[in-house]
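Peer 1: What follows is a single structure, and I will ask about it in a moment.
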Amino acid sequence: MLGYTEEDIDKLFFKDKQIYINEVVTSLKENWDKKESYTDEQLKQELKGYYNGYCFSRNKRVRRMYNPDSILKFFRDRSFGNYWSNSGHPAILLQQIKNNIDRFTIPWDQSSFSINQLDFESLAGAISEIALFPLMYQTGYLTLDPNGFKEDTRADKNPMDYYLKFPNQEVQSSLKLTLSRFIIQKQQETGIAYSTSILDALRNEKWCGFLNLIKGACLAKAGYHFLDKTERSFQGALYSFLNGVFHTTQGMQVNAELASGSGRLDIALEDKLHQTAYIFELKVGKSVSEALQQIYDKDYSMTFNTCYKKVCVGLKYDPVRLNITEAAIEVHQYDEQHTFQVMPRKNFAVNSIGYFQETEDIGGLSGLSS
């Protein structure tokens, strides 16, 4: 069975099956928290966006096909699941990602990808020699795009070129999920390699060195197109890296989204051997002062009041550069009177040649001693 056409979908799943379709729509409304129910036509359009789009000819008249396995599982589960990620993991592609993930640093959000006819049709002597787009086509992640040439705005486009695209949302999100899993693994491996340097920088308060390691070893190596403009992406890359750093270090614990005070802190490191806690708050489009203020306002550091030293770190992530550009660090030190004394806040920014250096106090905030 190659796939379902739109006519098949209508005949097999909609025609004379209104009672069942109503049950599907009710389930979707409840599970997806929709305010209004789907009409039949709206449901068909959603199915088309998720599971249709497979095309095996450059002829524009050829019908696009639905993934039959995903369609059957949708109606079984009554939910828009990512079924491809559980069934579409070709071993060849996974091995290529593992061997050289940098090969996949492509702007995958673009609508279509062009490849010249020779590269697309040539036989490769080895799997590693297969060009990326033909490999993606052979493993089912890309399909032919008959409209690619028409929509290509380049002046030098070639009518003999092949155009490929993701068939639908399900496959595109599956690729991102697969790549993200490998990125997490790679970030952890990178963290292990830099473990000694990171530990030395933290324990000896070499803040510029620590920030430059995070900027260069962690975020820059995450791959330009594997980070996006969100705090969650930034947090995931940093958390995976730090997990690698402290994976085999006795007495070190790394947590993300840890419930503390009146909220959830982004990342926390606890060095039990030195009774020190590091609390990180990450911001996109906001200042490091706001990051530190959130730590204080929500009492994130209260969880670590048994530590003798608490280090509050605010980091600003630039969604254009996909890296950190500013930082603020404030140390709270337990004294002989059993109170936390707040050391002068230190501010850092990336200089003109790309390295962090300490800057003057820019009129930010200072935490309160407790």
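Identifiers for the structure tokens are assigned positionally: chains receive A, B, ... in sequence, residues are indexed from 1 per chain, and ligands are indexed from 1 in the order shown.
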I'd like a table as a tab-separated table: residues in stretch 108-184 of chain A with an atom no more than 12 Å from stretch 228-250 of chain A, each row giving the shortest atom pair and its distance in Å to one decimal, only C-alpha atoms counted, sorted by chain and rising residue number.
Peer 2:
```
residue	atom	partner	partner_atom	distance
A:Trp108	CA	A:Asp228	CA	11.7
A:Asp109	CA	A:Asp228	CA	11.1
A:Lys176	CA	A:Asp228	CA	11.3
A:Ser180	CA	A:Ala237	CA	9.5
A:Arg181	CA	A:Ser240	CA	10.5
A:Phe182	CA	A:Ser240	CA	11.0
A:Ile183	CA	A:Ala237	CA	8.0
A:Ile184	CA	A:Ser240	CA	5.7
```
Peer 1: Next, write the just-selected residues to a file, as a PDB file, in the first residue's frame, keeping N, CA and C atoms as the atom set.
Peer 2:
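Below you can see again39.pdb, which holds the result:
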```
ATOM      1  N   TRP A 108      16.475  24.293   8.067  1.00  0.00           N
ATOM      2  CA  TRP A 108      15.411  23.353   7.723  1.00  0.00           C
ATOM      3  C   TRP A 108      14.034  23.996   7.636  1.00  0.00           C
ATOM      4  N   ASP A 109      13.893  25.240   8.059  1.00  0.00           N
ATOM      5  CA  ASP A 109      12.578  25.881   8.024  1.00  0.00           C
ATOM      6  C   ASP A 109      12.215  26.446   6.652  1.00  0.00           C
ATOM      7  N   LYS A 176      13.508  17.358  13.546  1.00  0.00           N
ATOM      8  CA  LYS A 176      13.995  18.239  14.611  1.00  0.00           C
ATOM      9  C   LYS A 176      14.148  17.476  15.919  1.00  0.00           C
ATOM     10  N   SER A 180      17.648  16.929  17.805  1.00  0.00           N
ATOM     11  CA  SER A 180      17.784  17.449  19.169  1.00  0.00           C
ATOM     12  C   SER A 180      18.312  16.378  20.111  1.00  0.00           C
ATOM     13  N   ARG A 181      17.920  15.125  19.888  1.00  0.00           N
ATOM     14  CA  ARG A 181      18.422  14.037  20.734  1.00  0.00           C
ATOM     15  C   ARG A 181      19.924  13.866  20.575  1.00  0.00           C
ATOM     16  N   PHE A 182      20.395  13.981  19.345  1.00  0.00           N
ATOM     17  CA  PHE A 182      21.829  13.856  19.113  1.00  0.00           C
ATOM     18  C   PHE A 182      22.583  15.071  19.638  1.00  0.00           C
ATOM     19  N   ILE A 183      21.952  16.251  19.544  1.00  0.00           N
ATOM     20  CA  ILE A 183      22.586  17.461  20.064  1.00  0.00           C
ATOM     21  C   ILE A 183      22.770  17.351  21.574  1.00  0.00           C
ATOM     22  N   ILE A 184      21.757  16.837  22.266  1.00  0.00           N
ATOM     23  CA  ILE A 184      21.865  16.652  23.712  1.00  0.00           C
ATOM     24  C   ILE A 184      23.048  15.745  24.039  1.00  0.00           C
TER      25      ILE A 184
END
```
Peer 1: Excluding A:Gln333 and its own-chain neighbours fewer than 6 positions away, which residues fall within 8 Å of it when counting only C-alpha atoms? Please give them as a ChimeraX atom specification.
Peer 2: /A:308-310,340-343
Peer 1: Next, write the just-selected residues to a file, as a compact mmCIF listing (two decimals), in the first residue's frame, keeping C-alpha atoms as the atom set.
Peer 2:
```txt
# COMPACT_ATOMS: atom_id res chain seq x y z
CA TYR A 308 27.83 28.45 52.70
CA LYS A 309 28.01 30.18 49.34
CA LYS A 310 25.38 31.02 46.73
CA PHE A 340 24.70 35.90 54.01
CA GLN A 341 26.83 38.84 52.98
CA VAL A 342 26.34 40.01 49.41
CA MET A 343 29.56 40.69 47.55
```
Peer 1: Report as a list in words all protein, DNA and RNA residues lying within 12 Å of A:Lys98, evaluated on only C-alpha atoms, omitting residues in the same chain fewer than 2 positions from it.
Peer 2: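 Residues meeting the cut-off are Ala91, Ile92, Leu93, Leu94, Gln95, Gln96, Asn100, Ile101, Asp102, Arg103, Phe104, Ser128, Thr178, Leu179, Ser180, Arg181, Phe182, Ile183, Ile184, Gln185 and Lys186 of chain A.
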Peer 1: Which distance in Å separates atom CA of A:Leu322 and atom CA of A:Gly216, to one decimal?
Peer 2: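 Calculated distance between atom CA of A:Leu322 and atom CA of A:Gly216 is 11.4 Å.
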Peer 1: Near stretch 290-303 of chain A, counting only C-alpha atoms, which residues have an atom at most 7 Å away, once you skip same-chain residues fewer than 6 positions from it, shown as a list in words?
Peer 2: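 My reading of the contact set: Ser260, Gly261, Ser262, Gly263, Leu265, Ile279, Glu281, Leu282, Lys283, Cys312, Val313, Gly314 and Gly367 of chain A.
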